[in-house]
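*Asks:* The structure is given below, and queries will be raised subsequently.
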Amino acid sequence: MDIFGEEHYSVCHTSCSLPEEGITHTWPRFIPNSQEKPWEQNLKQRDEVLSEISELSQPIGVCKSRPLDLVFIIDSSRSVRPLEFTKVKTFVSQIIDTLDIGEADTRVAVVNYASTVKIEFHLQAYTDKQSLKQAVARITPLSTGTMSGLAIQTAMDEAFTVEAGARGTASSIPKVAIIVTDGRPQDQVNEVAARARASGIELYAVGVDRADMESLKMIASEPLDEHVFYVETYGVIEKLSSRFQETFCALDPCVLGTHQCQHVCISDGDGKHHCECSQGYTLNADKKTCSAIDKCALNTHGCEHICVNDRTGTGSYHCKCYEGYTLNEDRKSCSAQDKCALGTHGCQHICVNDRAGSYHCECYEGYTRNADKKTCSVRNKCALGSHGCQHICVSDGTESYHCDCHPGYTLSEDRKTCSAIEEARRLISTEDACGCEATLAFQERVSSDLERLNTKLDNILEKLQVNEYGQIHR
């Protein structure tokens, strides 16, 4: 099989479409010479091609890696020479450089293995790129042996635990492992890898040089063409970092400005997003545009009495109170007004506070309240018939009146009843029936009384006219 055969290098197959639109790179397929090894013939040309692919395959635009719990499982058996192991560490550091590292973003751990397994650091150990890369640089090779199955089991049991810094299933953070090896596993890797995949760990297998392709396929998750990688030497493994950058990276439409959200774009990771609206607005059915919320109709306004939409198109509103109440400082609740104290009641005579901020008007004694419930008119007790006069009731104005008698009668001492004048004359005649002087005195008295009555009648009529005139022009 030639060095760029489909089965041996999974970065791209025979024809590889790169991220930049309109660019298609066709892989050269080299036929080995019977006297020369293919990798010796074409090492320089291969590295040039991979370098070109690395440059072209850099994500275009704004890229943000999705949060991951990422564990590198690296083979450091004796077959990996010191310089080659340095290349592996550079490869790991380059991938770290492409990620968003942090407590809430991607967390990284490294498992080092040969015949034994060593967890170099856990997921919770470092939360910034610089510290991570320094820790990777300090890793040293172990010994002989290639116990890939044991390494995967150890990662599953110890590295991908909540205690070690992995996030629980409720967080929906993907668990990813990248295993790098150059040999054939010396233990049963198939069953262990299957258990790891069943537990939710996504496995990538990177084979170098003498790595067994079938073993890589047994380790990796489906689809294999996206999870199995192979390079001939450690000298070009660093070129794979751009492919993992593309795998773990998503274009952010919110940053690119291609989201079409009317108000707010929220990045969800993996190149996904959703739109939200500013306060006072609701998202329309198209999931992009926004409409002002009628908070008064939704009954979410919090107004104690009345909610009034401002009709400004911004979903704003204000609170009002019922008549007799005033809006408190919180601009939502209401307190009863004392309109009587405020002097805004409109009562002509007396304002009486009722409960709940209401009131009513009353009139002074001798007055009656008019139909408008606010003004008052003088009450006419003569008209009401409650005066007690035997003959005539004469109103004197505000609540006062006096009694008078029909002609031929005179008012008694109780000032209400009347006595006939003939009866008075009879009484006088009885005292002095024959006395002319008595008769004259009686006549003069009657005349005087009649004049006095006439004078009173004139006064009464004059007062009535004055009172009537006052009522008309009030």
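In the structure tokens, the first chain shown is A, the next is B, and so on; residue numbers restart at 1 for each chain, and ligands run from 1 in the order shown.
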Which residues of region 77-125 of chain A have any atom within 8 Å of an atom in region 67-73 of chain A when counting only C-alpha atoms, and what is the closest pair of atoms for each, with the distance in Å to one decimal? Order the rows by chain and rising number and write it as a tab-separated table.
*Replies:*
residue	atom	partner	partner_atom	distance
A:Val92	CA	A:Phe72	CA	7.6
A:Asp100	CA	A:Pro67	CA	7.4
A:Ala104	CA	A:Pro67	CA	7.3
A:Asp105	CA	A:Pro67	CA	4.4
A:Thr106	CA	A:Pro67	CA	4.5
A:Arg107	CA	A:Asp69	CA	5.1
A:Val108	CA	A:Leu70	CA	4.9
A:Ala109	CA	A:Val71	CA	4.7
A:Val110	CA	A:Phe72	CA	4.7
A:Val111	CA	A:Ile73	CA	4.7
A:Asn112	CA	A:Ile73	CA	5.9
A:Tyr113	CA	A:Ile73	CA	7.3
A:Leu123	CA	A:Asp69	CA	7.1
*Asks:* Region 199-332 of chain A: which residues are alpha helix (DSSP H) by DSSP, as a list in words?
*Replies:*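 Checking each residue of region 199-332 of chain A, the alpha helix (DSSP H) ones are Met213, Glu214, Ser215, Leu216, Lys217, Met218, Ile219, Leu224, Asp225, Glu226, His227, Ser241, Ser242, Arg243, Phe244, Gln245, Glu246, Thr247, Phe248, Pro253, Cys254, Val255, Leu256, Lys295, Cys296, Ala297 and Leu298 of chain A.
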*Asks:* Those residues with C-alpha atoms, as a CSV table (one decimal), in the first residue's frame please?
*Replies:*
chain,number,residue,atom,x,y,z
A,213,MET,CA,-4.8,-0.3,11.5
A,214,GLU,CA,-7.3,-3.0,12.6
A,215,SER,CA,-6.6,-2.2,16.2
A,216,LEU,CA,-7.2,1.5,15.5
A,217,LYS,CA,-10.5,0.6,14.0
A,218,MET,CA,-11.5,-1.5,17.0
A,219,ILE,CA,-10.7,1.4,19.3
A,224,LEU,CA,-14.4,5.4,11.4
A,225,ASP,CA,-13.4,7.8,8.6
A,226,GLU,CA,-13.9,10.6,11.1
A,227,HIS,CA,-12.3,9.0,14.1
A,241,SER,CA,-3.8,19.3,14.9
A,242,SER,CA,-5.6,21.4,12.3
A,243,ARG,CA,-8.0,18.5,11.6
A,244,PHE,CA,-8.8,18.2,15.3
A,245,GLN,CA,-9.2,22.0,15.4
A,246,GLU,CA,-11.8,21.7,12.6
A,247,THR,CA,-13.5,18.8,14.4
A,248,PHE,CA,-13.7,20.5,17.8
A,253,PRO,CA,-22.8,33.0,13.7
A,254,CYS,CA,-23.4,35.4,16.5
A,255,VAL,CA,-19.9,36.7,16.2
A,256,LEU,CA,-19.9,36.6,12.4
A,295,LYS,CA,-47.8,43.3,29.7
A,296,CYS,CA,-51.2,44.8,30.7
A,297,ALA,CA,-52.9,42.0,28.7
A,298,LEU,CA,-50.5,39.4,30.1
*Asks:* Skip Met156 (chain A) itself and residues of its chain fewer than 5 positions away, then list as a PDB file with C-alpha atoms, in the first residue's frame all residues within 9 Å of it, counting only C-alpha atoms.
*Replies:*
ATOM      1  CA  ALA A 151      -4.825   2.704  29.394  1.00  0.00           C
ATOM      2  CA  THR A 161     -14.985  10.667  36.901  1.00  0.00           C
ATOM      3  CA  ARG A 195     -17.284  -0.477  27.091  1.00  0.00           C
ATOM      4  CA  ALA A 196     -15.788   3.006  26.887  1.00  0.00           C
ATOM      5  CA  SER A 199     -20.340   4.664  28.568  1.00  0.00           C
ATOM      6  CA  ILE A 201     -16.851   8.350  25.620  1.00  0.00           C
TER       7      ILE A 201
END
*Asks:* In Å, rounded to a single decimal, give me how far CA of Leu132 (chain A) is from CA of Ala166 (chain A).
*Replies:* 16.2 Å
*Asks:* Between CA of His402 (chain A) and CA of Gln348 (chain A), what is the distance in Å, rounded to a tenth?
*Replies:*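 So the answer is 27.6 Å.
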*Asks:* With only C-alpha atoms as the basis for distance, which of A:Ala114, A:Ala170, A:Val136, A:Cys290 is at the shortest distance from Asp182 (chain A)?
*Replies:*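 So, comparing all the options, the nearest one is A:Ala114.
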